[in-house]
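Enquirer: Just one file: work.csv, with CSV, C-alpha atoms and all ligand atoms.
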```csv
chain,number,residue,atom,x,y,z
A,760,MET,CA,0.0,0.0,0.0
A,761,ALA,CA,2.0,3.0,1.2
A,762,ASN,CA,5.3,3.4,-0.4
A,763,ASN,CA,8.2,5.7,0.2
A,764,GLN,CA,9.9,5.9,-3.1
A,765,THR,CA,10.4,9.1,-4.9
A,766,ASN,CA,8.4,8.8,-8.1
A,767,PHE,CA,9.6,11.6,-10.4
A,768,ASP,CA,11.7,9.1,-12.4
A,769,LYS,CA,8.8,7.0,-13.5
A,770,PRO,CA,7.6,7.7,-17.1
A,771,LEU,CA,4.0,8.8,-17.7
A,772,LYS,CA,2.0,6.0,-19.3
A,773,GLY,CA,-1.1,7.9,-20.2
A,774,ILE,CA,-4.1,9.9,-19.2
A,775,LEU,CA,-7.3,8.3,-18.0
A,776,LYS,CA,-10.4,10.5,-18.3
A,777,LEU,CA,-13.4,9.4,-16.3
A,778,LYS,CA,-16.6,11.3,-17.1
A,779,TYR,CA,-19.1,11.3,-14.3
A,780,LYS,CA,-22.6,12.3,-13.8
A,781,ILE,CA,-23.5,13.6,-10.3
A,782,LYS,CA,-27.1,13.1,-9.4
A,783,VAL,CA,-28.4,15.4,-6.7
A,784,LYS,CA,-30.7,13.5,-4.3
A,785,THR,CA,-31.4,16.3,-1.7
A,786,GLY,CA,-31.1,20.1,-1.9
A,787,LEU,CA,-27.5,21.0,-2.6
A,788,HIS,CA,-25.8,24.1,-1.3
A,789,ILE,CA,-22.3,24.9,-2.4
A,790,GLY,CA,-21.7,28.5,-1.2
A,791,GLY,CA,-20.8,31.4,-3.4
A,792,SER,CA,-19.5,34.7,-2.4
A,793,LYS,CA,-22.0,37.5,-1.5
A,794,GLU,CA,-19.8,40.2,-3.0
A,795,SER,CA,-20.0,38.9,-6.5
A,796,ILE,CA,-23.8,38.7,-6.8
A,797,GLU,CA,-26.0,41.0,-4.8
A,798,ILE,CA,-29.3,39.4,-4.0
A,799,GLY,CA,-31.4,40.9,-1.3
A,800,GLY,CA,-32.7,38.8,1.6
A,801,ILE,CA,-30.6,35.7,0.9
A,802,ASP,CA,-28.1,34.7,3.6
A,803,ASN,CA,-26.4,31.9,1.9
A,804,ILE,CA,-26.2,31.9,-1.9
A,805,VAL,CA,-24.9,29.1,-4.1
A,806,ILE,CA,-21.9,29.5,-6.4
A,807,LYS,CA,-22.8,30.2,-10.0
A,808,THR,CA,-21.2,30.9,-13.3
A,809,PRO,CA,-22.3,34.2,-14.9
A,810,ILE,CA,-22.8,32.8,-18.4
A,811,TYR,CA,-23.1,29.1,-19.4
A,812,LYS,CA,-23.4,28.0,-23.1
A,813,TYR,CA,-24.9,24.6,-23.8
A,814,GLU,CA,-26.5,22.7,-26.6
A,815,ILE,CA,-29.9,21.0,-26.7
A,816,ASN,CA,-31.6,19.5,-29.8
A,817,ASN,CA,-28.7,20.9,-31.9
A,818,GLU,CA,-29.5,24.4,-30.8
A,819,GLU,CA,-26.9,26.6,-29.1
A,820,LYS,CA,-28.3,28.1,-25.9
A,821,GLU,CA,-27.0,30.5,-23.2
A,822,ALA,CA,-28.1,30.6,-19.6
A,823,ARG,CA,-27.1,33.2,-17.0
A,824,ASN,CA,-26.3,32.7,-13.3
A,825,VAL,CA,-26.1,28.9,-13.5
A,826,PRO,CA,-25.2,26.9,-10.4
A,827,TYR,CA,-22.2,24.5,-10.9
A,828,ILE,CA,-20.1,22.3,-8.7
A,829,PRO,CA,-16.5,23.5,-8.5
A,830,GLY,CA,-13.9,20.8,-9.0
A,831,SER,CA,-12.0,22.2,-6.0
A,832,SER,CA,-15.0,21.6,-3.8
A,833,LEU,CA,-15.2,18.0,-4.9
A,834,LYS,CA,-11.5,17.4,-4.6
A,835,GLY,CA,-11.3,18.9,-1.1
A,836,LYS,CA,-14.2,16.8,0.1
A,837,LEU,CA,-12.9,13.6,-1.4
A,838,ARG,CA,-9.5,14.2,0.1
A,839,ALA,CA,-10.9,15.0,3.6
A,840,LEU,CA,-13.0,11.8,3.6
A,841,LEU,CA,-10.1,9.6,2.4
A,842,GLU,CA,-7.9,11.0,5.1
A,843,TRP,CA,-10.1,9.4,7.7
A,844,VAL,CA,-9.2,5.9,6.3
A,845,GLU,CA,-5.8,6.2,4.5
A,846,LYS,CA,-2.6,6.2,6.5
A,847,PRO,CA,0.5,8.4,6.0
A,848,SER,CA,3.5,6.2,4.8
A,849,GLY,CA,5.2,4.5,7.7
A,850,GLU,CA,2.4,5.3,10.2
A,851,ASN,CA,-0.4,3.2,11.7
A,852,MET,CA,-3.1,5.8,12.2
A,853,PRO,CA,-5.4,7.4,9.7
A,854,ILE,CA,-4.1,10.7,8.3
A,855,ALA,CA,-6.8,12.8,10.0
A,856,ILE,CA,-5.6,11.6,13.4
A,857,ALA,CA,-1.8,11.3,12.6
A,858,LYS,CA,-1.8,14.8,11.2
A,859,SER,CA,-4.2,16.3,13.7
A,860,GLY,CA,-6.7,17.3,11.0
A,861,GLU,CA,-4.1,18.9,8.6
A,862,PRO,CA,-3.9,17.5,5.1
A,863,CYS,CA,-1.2,14.9,4.6
A,864,ASP,CA,2.2,16.1,3.5
A,865,CYS,CA,4.1,12.8,3.7
A,866,GLY,CA,4.5,12.7,0.0
A,867,GLY,CA,4.4,8.9,-0.2
A,868,CYS,CA,0.9,7.7,0.8
A,869,ARG,CA,-2.0,6.9,-1.5
A,870,VAL,CA,-3.6,10.3,-0.8
A,871,CYS,CA,-0.4,12.2,-1.5
A,872,LYS,CA,0.1,10.2,-4.6
A,873,LEU,CA,-3.3,11.0,-6.0
A,874,PHE,CA,-3.9,14.6,-4.7
A,875,GLY,CA,-0.3,15.8,-4.1
A,876,ALA,CA,1.5,16.4,-0.8
A,877,HIS,CA,0.0,19.3,1.2
A,878,LYS,CA,1.9,22.5,0.7
A,879,ALA,CA,4.3,20.5,-1.5
A,880,LYS,CA,7.3,21.6,0.4
A,881,ASN,CA,9.1,18.5,-0.6
A,882,PRO,CA,7.1,16.6,-3.2
A,883,LYS,CA,8.0,13.0,-3.8
A,884,GLN,CA,5.2,12.4,-6.3
A,885,PRO,CA,3.8,14.2,-9.3
A,886,ILE,CA,0.1,15.0,-8.7
A,887,ARG,CA,-2.1,12.5,-10.5
A,888,LEU,CA,-5.6,13.7,-10.0
A,889,ARG,CA,-7.4,16.6,-11.7
A,890,ILE,CA,-11.1,17.3,-11.1
A,891,ASP,CA,-12.9,19.7,-13.5
A,892,ASP,CA,-15.8,21.8,-12.6
A,893,PHE,CA,-19.2,20.0,-13.0
A,894,TYR,CA,-21.9,21.8,-15.0
A,895,PRO,CA,-25.6,21.0,-15.2
A,896,THR,CA,-26.8,18.8,-18.1
A,897,PRO,CA,-29.0,20.6,-20.7
A,898,GLU,CA,-31.9,18.5,-19.4
A,899,THR,CA,-31.3,19.9,-16.0
A,900,ILE,CA,-31.3,23.5,-17.2
A,901,GLN,CA,-34.6,22.7,-18.9
A,902,LEU,CA,-36.0,21.2,-15.7
A,903,TRP,CA,-35.0,24.3,-13.8
A,904,GLU,CA,-36.6,26.5,-16.4
A,905,ASP,CA,-39.8,24.5,-16.2
A,906,VAL,CA,-40.3,24.3,-12.5
A,907,LEU,CA,-38.4,27.3,-11.0
A,908,GLU,CA,-39.6,30.3,-13.0
A,909,GLY,CA,-36.7,32.3,-14.1
A,910,VAL,CA,-34.1,31.4,-11.5
A,911,TYR,CA,-32.2,28.1,-11.3
A,912,THR,CA,-32.4,27.5,-7.5
A,913,GLU,CA,-34.9,27.3,-4.7
A,914,LEU,CA,-34.9,29.3,-1.5
A,915,LYS,CA,-35.2,27.3,1.7
A,916,SER,CA,-36.0,29.3,4.8
A,917,GLU,CA,-35.1,27.8,8.1
A,918,ASN,CA,-36.0,29.0,11.6
A,919,THR,CA,-34.5,28.5,15.0
A,920,ILE,CA,-37.1,27.3,17.4
A,921,ASN,CA,-37.1,29.2,20.7
A,922,ARG,CA,-37.0,26.4,23.3
A,923,ILE,CA,-39.1,28.3,25.9
A,924,LYS,CA,-41.7,30.1,23.9
A,925,GLY,CA,-41.9,27.5,21.2
A,926,THR,CA,-41.8,30.2,18.5
A,927,ALA,CA,-39.7,30.4,15.4
A,928,SER,CA,-37.1,33.2,15.2
A,929,ASN,CA,-34.1,34.3,13.1
A,930,PRO,CA,-35.3,32.9,9.8
A,931,ARG,CA,-32.4,32.2,7.4
A,932,HIS,CA,-32.8,31.9,3.7
A,933,THR,CA,-30.6,29.4,2.1
A,934,GLU,CA,-30.4,29.0,-1.7
A,935,ARG,CA,-30.2,25.4,-2.9
A,936,VAL,CA,-30.0,23.4,-6.1
A,937,ILE,CA,-33.1,21.2,-6.3
A,938,PRO,CA,-33.2,17.4,-6.1
A,939,ASP,CA,-33.1,15.5,-9.4
A,940,SER,CA,-30.7,18.0,-10.9
A,941,GLU,CA,-27.7,16.4,-12.7
A,942,PHE,CA,-24.2,17.7,-13.3
A,943,GLU,CA,-21.5,16.4,-15.6
A,944,GLY,CA,-17.8,16.7,-15.5
A,945,THR,CA,-14.5,14.9,-15.9
A,946,ILE,CA,-12.0,13.4,-13.5
A,947,THR,CA,-8.6,13.0,-15.0
A,948,ILE,CA,-5.9,10.7,-13.6
A,949,ARG,CA,-2.3,10.7,-14.9
A,950,ILE,CA,-1.1,7.1,-14.8
A,951,PHE,CA,2.7,6.5,-14.4
A,952,GLU,CA,4.7,3.4,-14.9
A,953,ASP,CA,4.3,1.0,-11.9
A,954,ASP,CA,1.1,2.7,-10.7
A,955,SER,CA,-1.5,0.2,-9.7
A,956,PHE,CA,-5.3,0.1,-10.2
A,957,GLU,CA,-5.8,0.0,-6.4
A,958,ASP,CA,-3.6,3.0,-5.7
A,959,THR,CA,-5.3,5.2,-8.3
A,960,ILE,CA,-8.8,4.2,-9.4
A,961,GLY,CA,-9.3,2.1,-6.3
A,962,VAL,CA,-8.7,5.1,-4.0
A,963,LEU,CA,-10.8,7.4,-6.2
A,964,LYS,CA,-13.7,4.9,-6.1
A,965,SER,CA,-13.6,4.5,-2.4
A,966,GLY,CA,-13.6,8.3,-2.0
A,967,LEU,CA,-16.6,8.6,-4.2
A,968,GLU,CA,-18.4,5.9,-2.3
A,969,MET,CA,-17.6,7.6,1.0
A,970,LEU,CA,-18.9,10.9,-0.5
A,971,GLU,CA,-22.2,9.2,-1.4
A,972,ASP,CA,-22.6,8.1,2.2
A,973,ASP,CA,-21.7,11.6,3.4
A,974,TYR,CA,-22.6,14.9,1.7
A,975,LEU,CA,-21.4,17.6,-0.7
A,976,GLY,CA,-21.5,21.3,0.2
A,977,GLY,CA,-23.0,22.8,3.3
A,978,SER,CA,-25.6,21.8,5.9
A,979,GLY,CA,-25.1,18.0,5.5
A,980,SER,CA,-26.2,17.4,9.0
A,981,ARG,CA,-29.6,18.9,8.1
A,982,GLY,CA,-30.0,16.5,5.1
A,983,TYR,CA,-28.5,18.7,2.4
A,984,GLY,CA,-26.1,17.5,-0.3
A,985,ARG,CA,-26.8,13.8,-0.8
A,986,VAL,CA,-25.4,12.9,-4.2
A,987,LYS,CA,-24.8,9.9,-6.4
A,988,PHE,CA,-22.0,9.4,-8.9
A,989,GLU,CA,-22.3,7.5,-12.2
A,990,ASN,CA,-19.4,6.8,-14.4
A,991,ILE,CA,-20.7,7.5,-17.9
A,992,GLU,CA,-17.6,7.3,-20.0
A,993,THR,CA,-14.0,6.3,-19.7
A,994,ILE,CA,-11.3,7.3,-22.2
A,995,TRP,CA,-7.7,6.1,-22.1
A,996,LYS,CA,-5.0,8.1,-23.9
A,997,PRO,CA,-1.6,6.3,-23.8
A,998,VAL,CA,1.4,8.6,-24.3
A,999,GLU,CA,2.8,6.4,-27.1
A,1000,ASN,CA,0.2,7.5,-29.6
A,1001,TYR,CA,-2.2,9.7,-27.7
A,1002,GLN,CA,-5.2,8.2,-29.5
A,1003,SER,CA,-8.3,8.2,-27.4
A,1004,GLU,CA,-9.5,4.7,-26.7
A,1005,GLU,CA,-12.9,4.1,-25.1
A,1006,ILE,CA,-12.9,1.7,-22.2
A,1007,ASN,CA,-16.1,-0.1,-21.3
A,1008,SER,CA,-15.5,-1.9,-18.0
A,1009,GLU,CA,-13.4,-2.0,-14.9
A,1010,GLU,CA,-11.9,-5.2,-16.2
A,1011,GLU,CA,-10.8,-3.4,-19.3
A,1012,ILE,CA,-9.2,-0.6,-17.2
A,1013,LYS,CA,-7.3,-3.3,-15.4
A,1014,THR,CA,-6.0,-5.1,-18.5
A,1015,ILE,CA,-5.6,-2.1,-20.9
A,1016,VAL,CA,-4.3,0.5,-18.6
A,1017,PHE,CA,-2.5,-1.5,-15.9
A,1018,GLY,CA,-2.0,-4.8,-17.7
B,1101,ZN,ZN,0.6,11.4,2.6
```
Go through the file and emit its structure as structure tokens.

Expert:
Amino acid sequence: MANNQTNFDKPLKGILKLKYKIKVKTGLHIGGSKESIEIGGIDNIVIKTPIYKYEINNEEKEARNVPYIPGSSLKGKLRALLEWVEKPSGENMPIAIAKSGEPCDCGGCRVCKLFGAHKAKNPKQPIRLRIDDFYPTPETIQLWEDVLEGVYTELKSENTINRIKGTASNPRHTERVIPDSEFEGTITIRIFEDDSFEDTIGVLKSGLEMLEDDYLGGSGSRGYGRVKFENIETIWKPVENYQSEEINSEEEIKTIVFG
């Protein structure tokens, strides 16, 4: 599992591009900054891209203020979850405990191999993982246009119940992406000579599984952010010819990429 070797001398074998669909099961809130968009009365707005171009029925369309899932949010969440189970090289405790909650900087464990060593003071590995931003599918934008009337989110108001009077106070308005929305994006892994399936795809897959059991974005303890991942396309581009090759099963990944 963990290995201490410096890995900059290993040649790149190719690039594996995994296209995923994220299905939103419960209201999703990934926070945006208040300064960028001024909306009165909303305490917590979701992150949006100002203009998004997409195609539906061979027609070019453009939507404004479209919610998306930043790759950095996904990557950060996956890493944080994996650090509860993966161990720094040479240690016996999970990273979260061994490093007192700081991201791993050992440079040799499976998390550092995939995500890079924290602060990269002394990197022993090239970073393998890249997660792009995930954007709504054209069908999802249509859904939002059909049910949400001009905006692409819903506003959820939440109250704090006064324990003595039993009355609601301090209503907060939180913006959310509605359930049944779907986002698509690509996760790219650079595969080097001697990399194994387990240390790359295996780690990514267990991170995605943990995320499905946890939540994405804010207010997870209140039921927000349940999501499901579906691998919809896998492309392998070996460095020797850089021709895209479609891969149709996990078995094929094992034989074609790591065989
Ligand atoms: Zn590490």

Enquirer: Can you pull out every residue within 6 Å of region 895-900 of chain A, counting all atoms listed in the file, but drop anything in the same chain fewer than 2 positions away, and send it as a ChimeraX atom specification?

Expert: /A:902-903,940-942

Enquirer: Need the shell around Pro847 (chain A): protein/DNA/RNA residues with any atom at most 8 Å away, counting only C-alpha atoms. Skip same-chain ones fewer than 6 positions apart. Format as a list in words?

Expert: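 Residues meeting the cut-off are Ala761, Pro853, Ile854, Ala857, Cys863, Cys865, Gly867 and Cys868 of chain A.
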
Enquirer: Give the answer as one residue: which of A:Gly979, A:Pro809, A:Pro862, A:Gly790 has the shortest atom-to-atom distance to Ala876 (chain A), using all atoms listed in the file?

Expert: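 Among A:Gly979, A:Pro809, A:Pro862, A:Gly790, it is A:Pro862 that comes nearest to Ala876 (chain A).
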
Enquirer: Would you please work out which residue, of A:Val998, A:Leu963, A:Ile774, A:Met852, is nearest to ligand ZN 1101 (chain B) when using all atoms listed in the file?

Expert: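 Ranking A:Val998, A:Leu963, A:Ile774, A:Met852 by distance to ligand ZN 1101 (chain B), first place goes to A:Met852.
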
Enquirer: Give me, as a PyMOL selection string, the set of residues whose atoms come within 12 Å of any atom of ligand ZN 1101 (chain B), counting only C-alpha atoms and all ligand atoms.

Expert: chain A and resi 760-763+838+841-842+844-850+852-855+857-858+861-879+881-884+886
